[in-house]
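Student: So here's work-v3.pdb, just PDB, C-alpha atoms:
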ATOM      1  CA  ALA A   1       0.000   0.000   0.000
ATOM      2  CA  ASP A   2       2.975   2.329   0.555
ATOM      3  CA  PRO A   3       3.973   4.059  -2.707
ATOM      4  CA  ARG A   4       7.557   4.413  -1.450
ATOM      5  CA  ALA A   5       7.797   0.642  -1.042
ATOM      6  CA  ARG A   6       6.497   0.104  -4.582
ATOM      7  CA  VAL A   7       9.178   2.463  -5.950
ATOM      8  CA  LEU A   8      11.896   0.637  -4.007
ATOM      9  CA  ILE A   9      10.662  -2.767  -5.189
ATOM     10  CA  ALA A  10      10.565  -1.532  -8.800
ATOM     11  CA  ARG A  11      14.130  -0.200  -8.503
ATOM     12  CA  ASN A  12      15.333  -3.512  -7.080
ATOM     13  CA  ARG A  13      13.545  -5.375  -9.869
ATOM     14  CA  ALA A  14      15.407  -3.249 -12.429
ATOM     15  CA  ARG A  15      18.736  -3.699 -10.631
ATOM     16  CA  ILE A  16      18.560  -7.469 -10.816
ATOM     17  CA  GLY A  17      17.321  -7.433 -14.403
ATOM     18  CA  ALA A  18      13.992  -9.081 -13.594
ATOM     19  CA  GLY A  19      12.062  -6.646 -15.802
ATOM     20  CA  GLU A  20       9.128  -8.448 -17.373
ATOM     21  CA  ARG A  21       9.631 -11.569 -15.247
ATOM     22  CA  CYS A  22       8.443  -9.818 -12.087
ATOM     23  CA  MET A  23       5.042  -8.279 -11.414
ATOM     24  CA  ILE A  24       4.195  -5.830  -8.681
ATOM     25  CA  LEU A  25       0.502  -5.902  -7.826
ATOM     26  CA  PRO A  26      -0.194  -3.095  -5.373
ATOM     27  CA  GLY A  27      -3.459  -2.735  -3.562
ATOM     28  CA  ASP A  28      -5.692  -4.825  -1.391
ATOM     29  CA  ALA A  29      -4.370  -8.400  -1.352
ATOM     30  CA  ARG A  30      -7.789  -9.998  -0.870
ATOM     31  CA  ARG A  31      -9.270  -8.286  -3.925
ATOM     32  CA  THR A  32      -6.160  -8.882  -6.035
ATOM     33  CA  LEU A  33      -5.898 -12.565  -5.144
ATOM     34  CA  ALA A  34      -9.617 -13.212  -5.615
ATOM     35  CA  ALA A  35      -9.351 -12.631  -9.379
ATOM     36  CA  PRO A  36      -7.320 -14.422 -12.040
ATOM     37  CA  ILE A  37      -3.908 -12.811 -12.556
ATOM     38  CA  ASP A  38      -2.496 -12.733 -16.075
ATOM     39  CA  GLY A  39       0.819 -14.543 -16.354
ATOM     40  CA  GLY A  40       0.180 -17.006 -13.524
ATOM     41  CA  PRO A  41       0.668 -19.386 -11.952
ATOM     42  CA  PHE A  42       3.911 -18.016 -10.525
ATOM     43  CA  ASP A  43       7.140 -19.605  -9.318
ATOM     44  CA  ILE A  44       7.385 -17.196  -6.392
ATOM     45  CA  VAL A  45       4.498 -15.383  -4.722
ATOM     46  CA  PHE A  46       5.621 -12.779  -2.200
ATOM     47  CA  LEU A  47       2.846 -11.681   0.116
ATOM     48  CA  ASP A  48       3.204  -8.708   2.446
ATOM     49  CA  PRO A  49      -0.196  -8.233   4.114
ATOM     50  CA  PRO A  50      -0.909  -5.794   6.923
ATOM     51  CA  TYR A  51       0.594  -7.013  10.185
ATOM     52  CA  ASP A  52      -2.753  -6.840  11.954
ATOM     53  CA  ASP A  53      -4.596  -9.003   9.410
ATOM     54  CA  GLN A  54      -7.037 -11.180  11.334
ATOM     55  CA  ASP A  55      -7.258 -14.027   8.804
ATOM     56  CA  LEU A  56      -3.775 -14.720   7.476
ATOM     57  CA  GLU A  57      -4.704 -18.351   6.868
ATOM     58  CA  ALA A  58      -7.302 -17.400   4.235
ATOM     59  CA  LEU A  59      -4.945 -14.868   2.678
ATOM     60  CA  VAL A  60      -2.158 -17.447   2.419
ATOM     61  CA  ALA A  61      -4.578 -19.947   0.843
ATOM     62  CA  ALA A  62      -5.659 -17.343  -1.721
ATOM     63  CA  ALA A  63      -2.035 -16.533  -2.556
ATOM     64  CA  ALA A  64      -1.115 -20.225  -2.793
ATOM     65  CA  ALA A  65      -3.779 -20.658  -5.474
ATOM     66  CA  HIS A  66      -1.603 -18.477  -7.745
ATOM     67  CA  ARG A  67       1.589 -20.459  -7.057
ATOM     68  CA  ALA A  68       2.951 -22.890  -9.638
ATOM     69  CA  ALA A  69       3.547 -26.532  -8.700
ATOM     70  CA  GLY A  70       6.889 -26.619  -6.916
ATOM     71  CA  GLY A  71       6.778 -22.853  -6.473
ATOM     72  CA  MET A  72       7.336 -20.879  -3.299
ATOM     73  CA  LEU A  73       5.067 -18.650  -1.236
ATOM     74  CA  VAL A  74       6.840 -16.068   0.895
ATOM     75  CA  LEU A  75       4.834 -14.434   3.663
ATOM     76  CA  GLU A  76       6.467 -11.263   4.988
TER      77      GLU A  76
END
Would you write out, as C-alpha cells, the structure that this file holds?
Tutor:
Amino acid sequence: ADPRARVLIARNRARIGAGERCMILPGDARRTLAAPIDGGPFDIVFLDPPYDDQDLEALVAAAAAHRAAGGMLVLE
C-alpha cells in the first residue's frame, strides 16, 4: 500500500534485471488474489499483508492458489 515501497521494489527489480519476469501488484491483497492474474501461476508469490490481518490463513490460501507446482510462497 505504501507508494515508497512500490518504488523501491521496482528499482530492485530493475537492478537485478527481472524486468518483465516480475510483477508488482499493489493494492488490497484480498481483492487482487480473488481474481485471475495474467501470467500465472507463478514460481514465487511474495505476500506482504498488513501485520494486523485477522485471517492470514485465508490470505495465504488465496495466494497459494496463484503459485505454480513446486513454487514458493513467501509471507512477509
Student: Can you tell me, as a list of chain:residue names, what residues are no more than 12 Å from segment 6-8 of chain A when counting all atoms listed in the file, ignoring any on the same chain fewer than 2 positions away?
Tutor: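 Once the nearby chain positions are removed, what remains is A:Ala1, A:Asp2, A:Pro3, A:Arg4, A:Ala10, A:Arg11, A:Asn12, A:Arg13, A:Ala14, A:Arg15, A:Met23, A:Ile24, A:Leu25, A:Pro26, A:Gly27, A:Asp48.
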Student: Deliver the residues from the most recent selection as a file, using C-alpha atoms, as a short mmCIF file (atom, residue, chain, number, x, y, z; two decimals), in the frame of the given file.
Tutor:
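File produced: again-v8.cif:
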data_model
loop_
_atom_site.label_atom_id
_atom_site.label_comp_id
_atom_site.auth_asym_id
_atom_site.auth_seq_id
_atom_site.Cartn_x
_atom_site.Cartn_y
_atom_site.Cartn_z
CA ALA A 1 0.00 0.00 0.00
CA ASP A 2 2.98 2.33 0.56
CA PRO A 3 3.97 4.06 -2.71
CA ARG A 4 7.56 4.41 -1.45
CA ALA A 10 10.56 -1.53 -8.80
CA ARG A 11 14.13 -0.20 -8.50
CA ASN A 12 15.33 -3.51 -7.08
CA ARG A 13 13.54 -5.38 -9.87
CA ALA A 14 15.41 -3.25 -12.43
CA ARG A 15 18.74 -3.70 -10.63
CA MET A 23 5.04 -8.28 -11.41
CA ILE A 24 4.20 -5.83 -8.68
CA LEU A 25 0.50 -5.90 -7.83
CA PRO A 26 -0.19 -3.10 -5.37
CA GLY A 27 -3.46 -2.74 -3.56
CA ASP A 48 3.20 -8.71 2.45
#
Student: Between A:Ala29, A:Ile9, A:Val45, A:Arg21, which is the closest to His66 of chain A once you count all atoms listed in the file?
Tutor: A:Val45
Student: One decimal, in Å: what's the spacing between atom CA of Met72 of chain A and atom CA of Asp52 of chain A?
Tutor: 23.1 Å
Student: Spell out the residues picked by the PyMOL selection byres ((chain A and resi 63) around 12) here, as an NGL selection string.
Tutor: :A and (29-37 or 40-49 or 56-62 or 64-68 or 71-75)
Student: Nearest to Pro50 of chain A among A:Glu76, A:Cys22, A:Ile16, A:Ala5, with distances taken over all atoms listed in the file: which residue is it?
Tutor: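 Between A:Glu76, A:Cys22, A:Ile16, A:Ala5, the residue approaching Pro50 of chain A most closely is A:Glu76.
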Student: Work out where the centre of an axis-aligned box around every listed atom of segment 60-75 of chain A lies and how long its edges are once 8 Å is added on each side; give both in Å to one decimal as lines of an AutoDock Vina configuration file.
Tutor:
center_x = 0.8
center_y = -20.5
center_z = -3.0
size_x = 29.0
size_y = 28.2
size_z = 29.3
